[in-house]
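So this block is data27.pdb, PDB, C-alpha atoms:
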```
MODEL        1
ATOM      1  CA  MET A   1       9.609 -15.162 -72.574
ATOM      2  CA  VAL A   2       6.409 -15.596 -70.599
ATOM      3  CA  THR A   3       4.398 -15.736 -73.794
ATOM      4  CA  SER A   4       6.512 -18.499 -75.344
ATOM      5  CA  ARG A   5       6.489 -20.399 -72.066
ATOM      6  CA  MET A   6       2.693 -20.236 -71.903
ATOM      7  CA  LEU A   7       2.383 -21.482 -75.479
ATOM      8  CA  GLU A   8       4.905 -24.245 -74.797
ATOM      9  CA  LEU A   9       2.956 -25.437 -71.764
ATOM     10  CA  THR A  10      -0.278 -25.321 -73.729
ATOM     11  CA  CYS A  11       1.213 -27.571 -76.401
ATOM     12  CA  ILE A  12       2.510 -29.980 -73.733
ATOM     13  CA  CYS A  13      -0.974 -30.145 -72.168
ATOM     14  CA  HIS A  14      -2.511 -30.973 -75.546
ATOM     15  CA  ILE A  15       0.072 -33.733 -76.094
ATOM     16  CA  LEU A  16      -0.597 -35.216 -72.656
ATOM     17  CA  LEU A  17      -4.347 -35.169 -73.217
ATOM     18  CA  VAL A  18      -3.983 -36.892 -76.593
ATOM     19  CA  SER A  19      -1.652 -39.501 -75.067
ATOM     20  CA  ALA A  20      -4.074 -40.183 -72.226
ATOM     21  CA  ALA A  21      -6.932 -40.603 -74.673
ATOM     22  CA  SER A  22      -4.893 -42.997 -76.797
ATOM     23  CA  LEU A  23      -4.010 -45.008 -73.718
ATOM     24  CA  SER A  24      -7.617 -45.388 -72.578
ATOM     25  CA  LEU A  25      -8.761 -46.416 -76.044
ATOM     26  CA  SER A  26      -5.979 -48.930 -76.602
ATOM     27  CA  SER A  27      -6.026 -50.742 -73.254
ATOM     28  CA  THR A  28      -9.133 -52.776 -74.155
ATOM     29  CA  ASP A  29      -7.304 -54.464 -77.049
ATOM     30  CA  TYR A  30      -4.645 -56.213 -74.948
ATOM     31  CA  GLY A  31      -6.576 -58.645 -72.756
ATOM     32  CA  ASP A  32      -4.715 -59.293 -69.512
ATOM     33  CA  LYS A  33      -1.719 -57.293 -70.646
ATOM     34  CA  LYS A  34      -1.086 -54.055 -68.774
ATOM     35  CA  LEU A  35       1.049 -51.118 -69.764
ATOM     36  CA  HIS A  36       4.490 -51.203 -68.150
ATOM     37  CA  ILE A  37       7.560 -48.997 -68.309
ATOM     38  CA  VAL A  38      10.846 -50.783 -68.911
ATOM     39  CA  TYR A  39      13.789 -48.731 -67.683
ATOM     40  CA  ALA A  40      17.346 -49.529 -68.786
ATOM     41  CA  GLY A  41      19.255 -46.530 -67.442
ATOM     42  CA  SER A  42      21.435 -44.233 -69.534
ATOM     43  CA  LEU A  43      21.915 -44.505 -73.259
ATOM     44  CA  PRO A  44      24.969 -46.565 -74.206
ATOM     45  CA  GLY A  45      27.698 -44.853 -76.157
ATOM     46  CA  GLY A  46      28.750 -45.697 -79.670
ATOM     47  CA  ASN A  47      26.549 -46.799 -82.538
ATOM     48  CA  TYR A  48      23.487 -47.761 -80.500
ATOM     49  CA  SER A  49      19.963 -48.070 -81.906
ATOM     50  CA  PRO A  50      17.280 -47.948 -79.182
ATOM     51  CA  GLU A  51      14.618 -48.954 -81.692
ATOM     52  CA  SER A  52      16.343 -52.166 -82.748
ATOM     53  CA  HIS A  53      17.409 -53.049 -79.207
ATOM     54  CA  HIS A  54      13.955 -52.571 -77.712
ATOM     55  CA  LEU A  55      12.286 -54.646 -80.422
ATOM     56  CA  ASP A  56      14.883 -57.389 -79.946
ATOM     57  CA  ILE A  57      14.172 -57.480 -76.217
ATOM     58  CA  LEU A  58      10.443 -57.773 -76.788
ATOM     59  CA  GLN A  59      10.917 -60.499 -79.412
ATOM     60  CA  SER A  60      13.024 -62.570 -77.043
ATOM     61  CA  PHE A  61      10.551 -62.935 -74.198
ATOM     62  CA  LEU A  62       6.984 -62.439 -75.427
ATOM     63  CA  THR A  63       5.033 -65.491 -74.287
ATOM     64  CA  GLU A  64       2.026 -65.026 -76.567
ATOM     65  CA  ASN A  65       1.628 -64.709 -80.321
ATOM     66  CA  PHE A  66       2.056 -60.943 -80.207
ATOM     67  CA  GLU A  67       4.138 -58.958 -82.637
ATOM     68  CA  PRO A  68       6.800 -56.907 -80.804
ATOM     69  CA  GLY A  69       5.747 -53.772 -82.652
ATOM     70  CA  ARG A  70       2.194 -54.161 -81.410
ATOM     71  CA  SER A  71       3.230 -54.667 -77.799
ATOM     72  CA  LEU A  72       5.521 -51.649 -77.906
ATOM     73  CA  TYR A  73       3.706 -48.519 -76.780
ATOM     74  CA  ARG A  74       6.505 -45.954 -76.890
ATOM     75  CA  ARG A  75      10.287 -45.720 -76.995
ATOM     76  CA  TYR A  76      12.336 -43.267 -74.944
ATOM     77  CA  GLY A  77      15.692 -42.959 -76.619
ATOM     78  CA  ARG A  78      16.710 -39.327 -76.801
ATOM     79  CA  SER A  79      17.748 -38.631 -73.211
ATOM     80  CA  PHE A  80      17.633 -42.033 -71.526
ATOM     81  CA  ASN A  81      17.140 -45.686 -72.414
ATOM     82  CA  SER A  82      13.635 -46.938 -71.808
ATOM     83  CA  PHE A  83      10.430 -48.069 -73.450
ATOM     84  CA  ALA A  84       6.802 -48.740 -72.563
ATOM     85  CA  ALA A  85       5.042 -51.925 -73.592
ATOM     86  CA  TRP A  86       1.923 -54.003 -72.969
ATOM     87  CA  LEU A  87       2.970 -56.994 -70.832
ATOM     88  CA  THR A  88       1.382 -59.869 -68.972
ATOM     89  CA  GLU A  89       2.418 -60.514 -65.384
ATOM     90  CA  ARG A  90       4.577 -63.426 -66.487
ATOM     91  CA  GLU A  91       6.282 -61.348 -69.184
ATOM     92  CA  GLN A  92       6.940 -58.611 -66.663
ATOM     93  CA  GLU A  93       8.616 -61.093 -64.324
ATOM     94  CA  LYS A  94      10.793 -62.535 -67.096
ATOM     95  CA  LEU A  95      11.855 -59.147 -68.349
ATOM     96  CA  SER A  96      12.779 -57.982 -64.845
ATOM     97  CA  LYS A  97      15.431 -60.709 -64.659
ATOM     98  CA  ARG A  98      17.410 -59.495 -67.657
ATOM     99  CA  ASN A  99      20.771 -58.023 -66.697
ATOM    100  CA  GLU A 100      20.458 -54.857 -68.775
ATOM    101  CA  ILE A 101      17.046 -53.968 -67.329
ATOM    102  CA  LEU A 102      17.004 -51.886 -64.144
ATOM    103  CA  SER A 103      13.266 -51.926 -63.507
ATOM    104  CA  VAL A 104       9.897 -52.870 -64.964
ATOM    105  CA  PHE A 105       6.864 -51.241 -63.393
ATOM    106  CA  PRO A 106       3.208 -50.530 -64.227
ATOM    107  CA  SER A 107       2.335 -47.212 -65.818
ATOM    108  CA  GLN A 108       0.049 -45.766 -63.137
ATOM    109  CA  PRO A 109      -2.227 -42.781 -63.721
ATOM    110  CA  LEU A 110      -0.871 -39.457 -62.480
ATOM    111  CA  GLN A 111      -2.592 -36.476 -60.911
ATOM    112  CA  LEU A 112      -1.826 -32.825 -61.247
ATOM    113  CA  HIS A 113      -0.863 -31.537 -57.796
ATOM    114  CA  THR A 114      -1.080 -27.769 -57.631
ATOM    115  CA  THR A 115      -2.842 -24.784 -56.202
ATOM    116  CA  ARG A 116       0.581 -23.236 -56.668
ATOM    117  CA  SER A 117       0.206 -23.016 -60.440
ATOM    118  CA  TRP A 118       2.706 -20.235 -61.066
ATOM    119  CA  ASP A 119       5.543 -21.990 -59.256
ATOM    120  CA  PHE A 120       4.638 -25.155 -61.155
ATOM    121  CA  MET A 121       4.788 -23.329 -64.508
ATOM    122  CA  GLY A 122       8.056 -21.603 -63.683
ATOM    123  CA  LEU A 123       7.054 -18.145 -64.917
ATOM    124  CA  THR A 124       9.725 -15.485 -64.538
ATOM    125  CA  GLU A 125       9.502 -11.836 -63.555
ATOM    126  CA  SER A 126       8.750  -9.361 -66.315
ATOM    127  CA  ASP A 127       7.857  -5.718 -66.775
ATOM    128  CA  MET A 128       5.219  -6.617 -69.339
ATOM    129  CA  ILE A 129       1.845  -4.897 -69.552
ATOM    130  CA  ILE A 130      -1.206  -7.157 -69.405
ATOM    131  CA  GLY A 131      -4.398  -5.821 -70.944
ATOM    132  CA  VAL A 132      -7.335  -6.995 -68.804
ATOM    133  CA  LEU A 133     -10.670  -6.950 -70.656
ATOM    134  CA  ASP A 134     -13.264  -7.383 -67.939
ATOM    135  CA  SER A 135     -15.732  -5.571 -65.648
ATOM    136  CA  GLY A 136     -13.259  -2.990 -64.377
ATOM    137  CA  ILE A 137     -11.028  -2.860 -61.317
ATOM    138  CA  TRP A 138     -11.028  -1.823 -57.658
ATOM    139  CA  PRO A 139      -7.674  -0.010 -57.370
ATOM    140  CA  GLU A 140      -7.662   0.042 -53.549
ATOM    141  CA  SER A 141      -6.983  -3.696 -53.421
ATOM    142  CA  GLU A 142      -3.544  -4.604 -52.050
ATOM    143  CA  SER A 143      -2.978  -6.641 -55.192
ATOM    144  CA  PHE A 144      -2.720  -3.374 -57.148
ATOM    145  CA  SER A 145      -0.892  -1.105 -54.701
ATOM    146  CA  VAL A 146       2.245   0.804 -55.706
ATOM    147  CA  GLN A 147       5.379  -1.301 -55.181
ATOM    148  CA  PHE A 148       8.883  -0.043 -54.541
ATOM    149  CA  ARG A 149      11.819  -1.937 -55.962
ATOM    150  CA  LYS A 150      15.268  -2.219 -54.426
ATOM    151  CA  SER A 151      16.438   0.565 -56.710
ATOM    152  CA  GLY A 152      13.881   2.833 -55.053
ATOM    153  CA  ARG A 153      11.869   3.173 -58.260
ATOM    154  CA  ALA A 154       8.122   3.014 -57.779
ATOM    155  CA  LEU A 155       6.179   0.478 -59.821
ATOM    156  CA  VAL A 156       2.658   1.665 -60.537
ATOM    157  CA  LYS A 157       0.582  -1.468 -61.056
ATOM    158  CA  ILE A 158      -2.366   0.047 -62.958
ATOM    159  CA  VAL A 159      -0.992   2.052 -65.873
ATOM    160  CA  GLY A 160      -4.328   3.128 -67.363
ATOM    161  CA  ALA A 161      -8.015   2.389 -67.801
ATOM    162  CA  ARG A 162     -10.594   2.810 -70.559
ATOM    163  CA  TRP A 163     -14.381   2.454 -70.475
ATOM    164  CA  TYR A 164     -17.001   2.747 -73.155
ATOM    165  CA  VAL A 165     -20.511   4.013 -74.023
ATOM    166  CA  GLY A 166     -22.960   3.875 -71.133
ATOM    167  CA  GLN A 167     -20.349   2.917 -68.536
ATOM    168  CA  PRO A 168     -19.898   5.274 -65.553
ATOM    169  CA  GLY A 169     -16.181   4.631 -65.254
ATOM    170  CA  ALA A 170     -13.543   1.972 -64.771
ATOM    171  CA  ARG A 171     -14.357   1.176 -61.144
ATOM    172  CA  ASP A 172     -15.499  -2.426 -60.790
ATOM    173  CA  VAL A 173     -19.073  -2.572 -59.450
ATOM    174  CA  VAL A 174     -19.356  -6.298 -60.236
ATOM    175  CA  GLY A 175     -16.127  -7.630 -58.715
ATOM    176  CA  HIS A 176     -15.229 -10.000 -61.528
ATOM    177  CA  GLY A 177     -12.418  -7.930 -63.031
ATOM    178  CA  THR A 178     -10.931  -7.288 -59.589
ATOM    179  CA  HIS A 179     -10.835 -11.063 -59.141
ATOM    180  CA  THR A 180      -9.322 -12.003 -62.506
ATOM    181  CA  ALA A 181      -6.715  -9.240 -62.844
ATOM    182  CA  PRO A 182      -4.593 -10.248 -59.815
ATOM    183  CA  ILE A 183      -4.572 -13.867 -61.010
ATOM    184  CA  ALA A 184      -2.394 -12.683 -63.864
ATOM    185  CA  ALA A 185      -0.493  -9.748 -62.362
ATOM    186  CA  GLY A 186      -1.352  -9.252 -58.693
ATOM    187  CA  ASN A 187       1.272  -8.179 -56.160
ATOM    188  CA  ARG A 188       2.433 -10.561 -53.465
ATOM    189  CA  VAL A 189       0.012 -10.141 -50.563
ATOM    190  CA  LYS A 190       1.106 -11.836 -47.350
ATOM    191  CA  GLY A 191      -1.367 -13.201 -44.833
ATOM    192  CA  ALA A 192      -4.126 -13.858 -47.355
ATOM    193  CA  SER A 193      -6.734 -16.477 -46.418
ATOM    194  CA  PHE A 194     -10.350 -17.485 -46.775
ATOM    195  CA  TYR A 195     -11.762 -16.897 -43.292
ATOM    196  CA  ASN A 196      -8.421 -18.069 -41.846
ATOM    197  CA  LEU A 197      -8.353 -21.152 -44.079
ATOM    198  CA  ALA A 198      -5.563 -21.816 -46.600
ATOM    199  CA  GLY A 199      -3.459 -18.966 -45.276
ATOM    200  CA  GLY A 200      -0.403 -17.883 -47.214
ATOM    201  CA  THR A 201       0.860 -15.391 -49.750
ATOM    202  CA  ALA A 202      -1.455 -14.569 -52.633
ATOM    203  CA  ARG A 203       0.222 -13.596 -55.896
ATOM    204  CA  GLY A 204      -0.352 -13.319 -59.597
ATOM    205  CA  GLY A 205       1.480 -15.161 -62.327
ATOM    206  CA  VAL A 206       3.927 -12.295 -62.872
ATOM    207  CA  PRO A 207       3.774  -9.918 -59.878
ATOM    208  CA  SER A 208       6.194  -7.449 -61.461
ATOM    209  CA  SER A 209       3.973  -6.963 -64.511
ATOM    210  CA  ARG A 210       1.528  -4.084 -64.889
ATOM    211  CA  ILE A 211      -2.142  -3.847 -65.795
ATOM    212  CA  ALA A 212      -4.035  -1.861 -68.420
ATOM    213  CA  VAL A 213      -7.783  -1.983 -67.725
ATOM    214  CA  TYR A 214     -10.484  -2.116 -70.404
ATOM    215  CA  VAL A 215     -14.073  -2.245 -69.146
ATOM    216  CA  ALA A 216     -15.429  -4.607 -71.801
ATOM    217  CA  CYS A 217     -18.251  -6.297 -69.937
ATOM    218  CA  CYS A 218     -20.473  -7.519 -71.296
ATOM    219  CA  ARG A 219     -21.498  -6.485 -74.804
ATOM    220  CA  ALA A 220     -19.787  -7.647 -77.959
ATOM    221  CA  ALA A 221     -19.397  -4.094 -79.154
ATOM    222  CA  ASP A 222     -17.566  -3.084 -75.969
ATOM    223  CA  LEU A 223     -15.459  -6.193 -76.108
ATOM    224  CA  LEU A 224     -14.252  -5.386 -79.608
ATOM    225  CA  ALA A 225     -13.553  -1.829 -78.488
ATOM    226  CA  GLY A 226     -11.397  -3.195 -75.720
ATOM    227  CA  PHE A 227      -9.434  -5.329 -78.183
ATOM    228  CA  ASP A 228      -9.096  -2.400 -80.567
ATOM    229  CA  ASP A 229      -7.689  -0.120 -77.879
ATOM    230  CA  ALA A 230      -5.504  -2.719 -76.188
ATOM    231  CA  ILE A 231      -3.805  -3.592 -79.467
ATOM    232  CA  ALA A 232      -3.243   0.053 -80.360
ATOM    233  CA  ASP A 233      -1.995   0.805 -76.841
ATOM    234  CA  GLY A 234       0.685  -1.836 -77.319
ATOM    235  CA  VAL A 235      -0.020  -4.219 -74.435
ATOM    236  CA  ASP A 236       2.084  -7.372 -74.355
ATOM    237  CA  VAL A 237      -0.641  -9.859 -73.406
ATOM    238  CA  ILE A 238      -4.438  -9.715 -73.396
ATOM    239  CA  THR A 239      -6.334 -11.695 -70.787
ATOM    240  CA  ILE A 240     -10.081 -12.121 -70.980
ATOM    241  CA  SER A 241     -12.480 -14.151 -68.851
ATOM    242  CA  ILE A 242     -15.623 -13.462 -70.847
ATOM    243  CA  GLY A 243     -17.436 -15.615 -73.382
ATOM    244  CA  TYR A 244     -20.693 -16.974 -74.724
ATOM    245  CA  ALA A 245     -22.651 -19.826 -73.171
ATOM    246  CA  HIS A 246     -22.112 -21.866 -76.357
ATOM    247  CA  PRO A 247     -19.564 -21.790 -79.175
ATOM    248  CA  VAL A 248     -20.312 -19.384 -82.002
ATOM    249  CA  SER A 249     -20.943 -21.154 -85.308
ATOM    250  CA  SER A 250     -18.595 -18.916 -87.266
ATOM    251  CA  LEU A 251     -15.303 -17.351 -86.255
ATOM    252  CA  LEU A 252     -16.282 -14.354 -88.314
ATOM    253  CA  GLU A 253     -19.206 -13.763 -85.939
ATOM    254  CA  ASP A 254     -17.268 -14.135 -82.716
ATOM    255  CA  PRO A 255     -15.818 -10.914 -81.254
ATOM    256  CA  ILE A 256     -13.234 -12.773 -79.243
ATOM    257  CA  SER A 257     -11.991 -14.654 -82.302
ATOM    258  CA  ILE A 258     -11.879 -11.464 -84.346
ATOM    259  CA  GLY A 259     -10.173  -9.356 -81.691
ATOM    260  CA  SER A 260      -7.662 -12.017 -80.756
ATOM    261  CA  PHE A 261      -6.820 -12.643 -84.411
ATOM    262  CA  HIS A 262      -5.758  -9.048 -84.863
ATOM    263  CA  ALA A 263      -3.914  -9.185 -81.569
ATOM    264  CA  MET A 264      -1.978 -12.170 -82.897
ATOM    265  CA  ALA A 265      -1.205 -10.267 -86.087
ATOM    266  CA  ASN A 266       0.429  -7.645 -83.858
ATOM    267  CA  ASN A 267       2.428 -10.203 -81.858
ATOM    268  CA  ILE A 268       0.101 -10.042 -78.842
ATOM    269  CA  VAL A 269      -1.027 -13.313 -77.320
ATOM    270  CA  THR A 270      -4.604 -13.597 -76.036
ATOM    271  CA  VAL A 271      -5.351 -15.822 -73.057
ATOM    272  CA  ASN A 272      -9.023 -16.660 -72.624
ATOM    273  CA  SER A 273     -10.909 -18.655 -69.993
ATOM    274  CA  ALA A 274     -12.282 -21.944 -71.296
ATOM    275  CA  GLY A 275     -15.706 -21.302 -69.754
ATOM    276  CA  ASN A 276     -17.713 -22.270 -66.698
ATOM    277  CA  SER A 277     -19.326 -25.403 -68.136
ATOM    278  CA  GLY A 278     -18.521 -28.982 -67.192
ATOM    279  CA  PRO A 279     -17.896 -31.732 -66.340
ATOM    280  CA  ASP A 280     -19.680 -32.835 -69.526
ATOM    281  CA  GLY A 281     -17.587 -33.241 -72.644
ATOM    282  CA  ALA A 282     -16.568 -30.441 -75.016
ATOM    283  CA  PRO A 283     -17.475 -27.462 -72.775
ATOM    284  CA  ILE A 284     -14.934 -25.039 -74.240
ATOM    285  CA  VAL A 285     -16.644 -22.130 -75.948
ATOM    286  CA  ILE A 286     -13.626 -20.479 -77.587
ATOM    287  CA  LEU A 287     -12.322 -22.604 -80.454
ATOM    288  CA  SER A 288     -10.018 -20.139 -82.217
ATOM    289  CA  PRO A 289      -6.623 -21.774 -82.826
ATOM    290  CA  TRP A 290      -4.798 -18.492 -82.099
ATOM    291  CA  VAL A 291      -6.185 -18.180 -78.550
ATOM    292  CA  VAL A 292      -4.686 -19.838 -75.477
ATOM    293  CA  SER A 293      -7.706 -21.323 -73.669
ATOM    294  CA  VAL A 294      -7.178 -21.856 -69.947
ATOM    295  CA  GLY A 295      -9.286 -24.157 -67.782
ATOM    296  CA  ALA A 296      -9.512 -24.533 -64.030
ATOM    297  CA  SER A 297      -8.109 -27.480 -62.087
ATOM    298  CA  THR A 298      -8.882 -29.147 -58.806
ATOM    299  CA  THR A 299      -6.957 -28.300 -55.635
ATOM    300  CA  ASP A 300      -4.316 -30.509 -54.078
ATOM    301  CA  ARG A 301      -5.714 -30.244 -50.557
ATOM    302  CA  LYS A 302      -9.008 -30.405 -48.685
ATOM    303  CA  PHE A 303     -10.527 -28.941 -45.548
ATOM    304  CA  ASP A 304     -12.313 -31.383 -43.250
ATOM    305  CA  ASP A 305     -14.734 -30.489 -40.499
ATOM    306  CA  ASN A 306     -16.938 -32.322 -37.995
ATOM    307  CA  VAL A 307     -20.711 -32.295 -37.660
ATOM    308  CA  VAL A 308     -22.058 -33.495 -34.293
ATOM    309  CA  LEU A 309     -25.539 -35.019 -34.523
ATOM    310  CA  ALA A 310     -28.218 -34.908 -31.819
ATOM    311  CA  ASP A 311     -27.542 -38.533 -30.867
ATOM    312  CA  GLY A 312     -23.883 -37.749 -30.224
ATOM    313  CA  ARG A 313     -22.451 -39.189 -33.420
ATOM    314  CA  THR A 314     -19.756 -37.184 -35.184
ATOM    315  CA  LEU A 315     -19.529 -37.119 -38.975
ATOM    316  CA  THR A 316     -16.424 -35.887 -40.760
ATOM    317  CA  GLY A 317     -16.675 -34.339 -44.196
ATOM    318  CA  ILE A 318     -15.323 -31.710 -46.545
ATOM    319  CA  SER A 319     -16.312 -28.252 -45.360
ATOM    320  CA  VAL A 320     -14.901 -26.033 -48.112
ATOM    321  CA  ASN A 321     -14.897 -27.080 -51.749
TER     322      ASN A 321
ENDMDL
END
```
What's the structure tokens form of this structure?
Amino acid sequence: MVTSRMLELTCICHILLVSAASLSLSSTDYGDKKLHIVYAGSLPGGNYSPESHHLDILQSFLTENFEPGRSLYRRYGRSFNSFAAWLTEREQEKLSKRNEILSVFPSQPLQLHTTRSWDFMGLTESDMIIGVLDSGIWPESESFSVQFRKSGRALVKIVGARWYVGQPGARDVVGHGTHTAPIAAGNRVKGASFYNLAGGTARGGVPSSRIAVYVACCRAADLLAGFDDAIADGVDVITISIGYAHPVSSLLEDPISIGSFHAMANNIVTVNSAGNSGPDGAPIVILSPWVVSVGASTTDRKFDDNVVLADGRTLTGISVN
């Protein structure tokens, strides 16, 4: 269920990005017209055609030599009765006075508001096993401690670990794997904060899930070994926050593409970080269509602080990014 939900959200994000791009490209073609949403409430019963009705409305009040089909941006006629169209201020005023129209308002840009991503996504609890291909793990972290359920059964968070040639063990001497693993599957840890800032409960996407560790950092050969073992071990999801600085020219020469392809063939979804590059365009380094690429977002809050200068002036600014 988590896997299908993740894929569903990924598709929605792609649709939203394409829509936003279309909007920005099209707005220059409409002069002083601005995109508005025309809301007409619930769908009427009977033999009602939203398409015909919306075009008729546009035809009846357009003040310029504009074809209704060109002014129409999108119809909403499956769950409610509405459409979006490019309108001048005068057209907006005229349309607002029609009896069947409840509201006409500008289509304003929206912002994603979340450092609470998992609540936003609505992920459910699951006993799945997540294969973490990274630099190892520090098992003493509270995020990985043994949990006891109401039934009294103990839930061991880390079910196993593998490491490869030249590696001393699975203990994380870098810290990266210990950071990424709880993002996916960490326990709920109350009282977490960053030096007493942003206090609250830290948690992973699915706290009831378990972790299989594969120390795959940072050679391609080790990475493929991690994929090979994780697939054979039967994990449910593979998460990996490792990649090249630039996209590989051929999928057949990319260990992540190869490993994740075989994971897909065994009904295992691979979730991979999009990379650390940006904000320039096209920074994603993993282009395989069978991988769910995940990028970071901005936070929905800020932390201000004051700096007092020698002359007594106080400047207020952001203290933690």
**Request:** Give me the result of the PyMOL selection byres ((chain A and resi 58-63) around 12) on this file, residue by residue, as a PyMOL selection string.
**Result:** chain A and resi 33+38+51-57+64-73+83-98
**Prompt:** Interatomic distance between atom CA of A:Leu252 and atom CA of A:Ala230?
**Reply:** 20.0 Å
**Matched chain/residue IDs from the PyMOL selection byres ((chain A and resi 290-296) around 6), as a PyMOL selection string** = chain A and resi 270-274+288-289+297
What are the nearest atom pairs, with distances in Å to one decimal, for all residues of stretch 215-289 of chain A that come at most 10 Å from stretch 165-183 of chain A, using only C-alpha atoms, set out by chain and rising residue number as CSV?
```
residue,atom,partner,partner_atom,distance
A:Val215,CA,A:Ala170,CA,6.1
A:Ala216,CA,A:Gln167,CA,9.6
A:Cys217,CA,A:Gly177,CA,9.2
A:Ala221,CA,A:Val165,CA,9.7
A:Asp222,CA,A:Val165,CA,7.9
A:Thr239,CA,A:Ala181,CA,8.3
A:Ile240,CA,A:Thr180,CA,8.5
A:Ser241,CA,A:Thr180,CA,7.4
A:Ile242,CA,A:His176,CA,9.9
```
**Asked** Could you spell out the hits of the PyMOL selection byres ((chain A and resi 212) around 7) on the shown file, as a PyMOL selection string?
**Response** chain A and resi 129-132+158-161+210-211+213-214
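Pairwise distance (atom CA of A:Ala192, atom CA of A:Ser145) equals 15.1 Å.
For the atom pair formed by atom CA of A:Phe144 and atom CA of A:Lys302, the distance is 29.0 Å, given to one decimal.
Using only C-alpha atoms for every distance, the candidate list A:Asp134, A:Ser143, A:Cys218, A:Phe303 yields A:Ser143 as the residue closest to A:Lys190.
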Quick one: residues within 10 Å of A:Phe261, only C-alpha atoms, excluding same-chain residues fewer than 2 positions away - as an mmCIF file with C-alpha atoms, keeping the file's coordinate frame?
```cif
data_model
loop_
_atom_site.group_PDB
_atom_site.id
_atom_site.type_symbol
_atom_site.label_atom_id
_atom_site.label_comp_id
_atom_site.auth_asym_id
_atom_site.auth_seq_id
_atom_site.Cartn_x
_atom_site.Cartn_y
_atom_site.Cartn_z
ATOM 1 C CA PHE A 227 -9.434 -5.329 -78.183
ATOM 2 C CA LEU A 251 -15.303 -17.351 -86.255
ATOM 3 C CA PRO A 255 -15.818 -10.914 -81.254
ATOM 4 C CA ILE A 256 -13.234 -12.773 -79.243
ATOM 5 C CA SER A 257 -11.991 -14.654 -82.302
ATOM 6 C CA ILE A 258 -11.879 -11.464 -84.346
ATOM 7 C CA GLY A 259 -10.173 -9.356 -81.691
ATOM 8 C CA ALA A 263 -3.914 -9.185 -81.569
ATOM 9 C CA MET A 264 -1.978 -12.170 -82.897
ATOM 10 C CA ALA A 265 -1.205 -10.267 -86.087
ATOM 11 C CA ASN A 266 0.429 -7.645 -83.858
ATOM 12 C CA ASN A 267 2.428 -10.203 -81.858
ATOM 13 C CA ILE A 268 0.101 -10.042 -78.842
ATOM 14 C CA VAL A 269 -1.027 -13.313 -77.320
ATOM 15 C CA THR A 270 -4.604 -13.597 -76.036
ATOM 16 C CA SER A 288 -10.018 -20.139 -82.217
ATOM 17 C CA PRO A 289 -6.623 -21.774 -82.826
ATOM 18 C CA TRP A 290 -4.798 -18.492 -82.099
ATOM 19 C CA VAL A 291 -6.185 -18.180 -78.550
#
```
Can you fill out stretch 305-314 of chain A with N, CA, C and O atoms and hand it back as an mmCIF file, in the frame of the given file?
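The resulting file, selection.cif, is shown below:
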```cif
data_model
loop_
_atom_site.group_PDB
_atom_site.id
_atom_site.type_symbol
_atom_site.label_atom_id
_atom_site.label_comp_id
_atom_site.auth_asym_id
_atom_site.auth_seq_id
_atom_site.Cartn_x
_atom_site.Cartn_y
_atom_site.Cartn_z
ATOM 1 N N ASP A 305 -14.103 -31.031 -41.697
ATOM 2 C CA ASP A 305 -14.734 -30.489 -40.499
ATOM 3 C C ASP A 305 -15.677 -31.546 -39.931
ATOM 4 O O ASP A 305 -16.036 -32.511 -40.610
ATOM 5 N N ASN A 306 -16.068 -31.367 -38.677
ATOM 6 C CA ASN A 306 -16.938 -32.322 -37.995
ATOM 7 C C ASN A 306 -18.338 -31.753 -37.803
ATOM 8 O O ASN A 306 -18.516 -30.557 -37.547
ATOM 9 N N VAL A 307 -19.325 -32.629 -37.955
ATOM 10 C CA VAL A 307 -20.711 -32.295 -37.660
ATOM 11 C C VAL A 307 -21.187 -33.252 -36.568
ATOM 12 O O VAL A 307 -21.144 -34.470 -36.737
ATOM 13 N N VAL A 308 -21.592 -32.685 -35.426
ATOM 14 C CA VAL A 308 -22.058 -33.495 -34.293
ATOM 15 C C VAL A 308 -23.581 -33.580 -34.344
ATOM 16 O O VAL A 308 -24.276 -32.567 -34.292
ATOM 17 N N LEU A 309 -24.100 -34.800 -34.443
ATOM 18 C CA LEU A 309 -25.539 -35.019 -34.523
ATOM 19 C C LEU A 309 -26.165 -35.021 -33.129
ATOM 20 O O LEU A 309 -25.465 -35.088 -32.107
ATOM 21 N N ALA A 310 -27.495 -34.962 -33.093
ATOM 22 C CA ALA A 310 -28.218 -34.908 -31.819
ATOM 23 C C ALA A 310 -27.984 -36.154 -30.981
ATOM 24 O O ALA A 310 -28.037 -36.100 -29.743
ATOM 25 N N ASP A 311 -27.762 -37.298 -31.619
ATOM 26 C CA ASP A 311 -27.542 -38.533 -30.867
ATOM 27 C C ASP A 311 -26.094 -38.712 -30.427
ATOM 28 O O ASP A 311 -25.708 -39.765 -29.921
ATOM 29 N N GLY A 312 -25.269 -37.701 -30.669
ATOM 30 C CA GLY A 312 -23.883 -37.749 -30.224
ATOM 31 C C GLY A 312 -22.895 -38.221 -31.267
ATOM 32 O O GLY A 312 -21.683 -38.136 -31.045
ATOM 33 N N ARG A 313 -23.364 -38.728 -32.377
ATOM 34 C CA ARG A 313 -22.451 -39.189 -33.420
ATOM 35 C C ARG A 313 -21.773 -38.003 -34.103
ATOM 36 O O ARG A 313 -22.363 -36.938 -34.251
ATOM 37 N N THR A 314 -20.523 -38.221 -34.496
ATOM 38 C CA THR A 314 -19.756 -37.184 -35.184
ATOM 39 C C THR A 314 -19.446 -37.647 -36.600
ATOM 40 O O THR A 314 -18.879 -38.730 -36.798
#
```
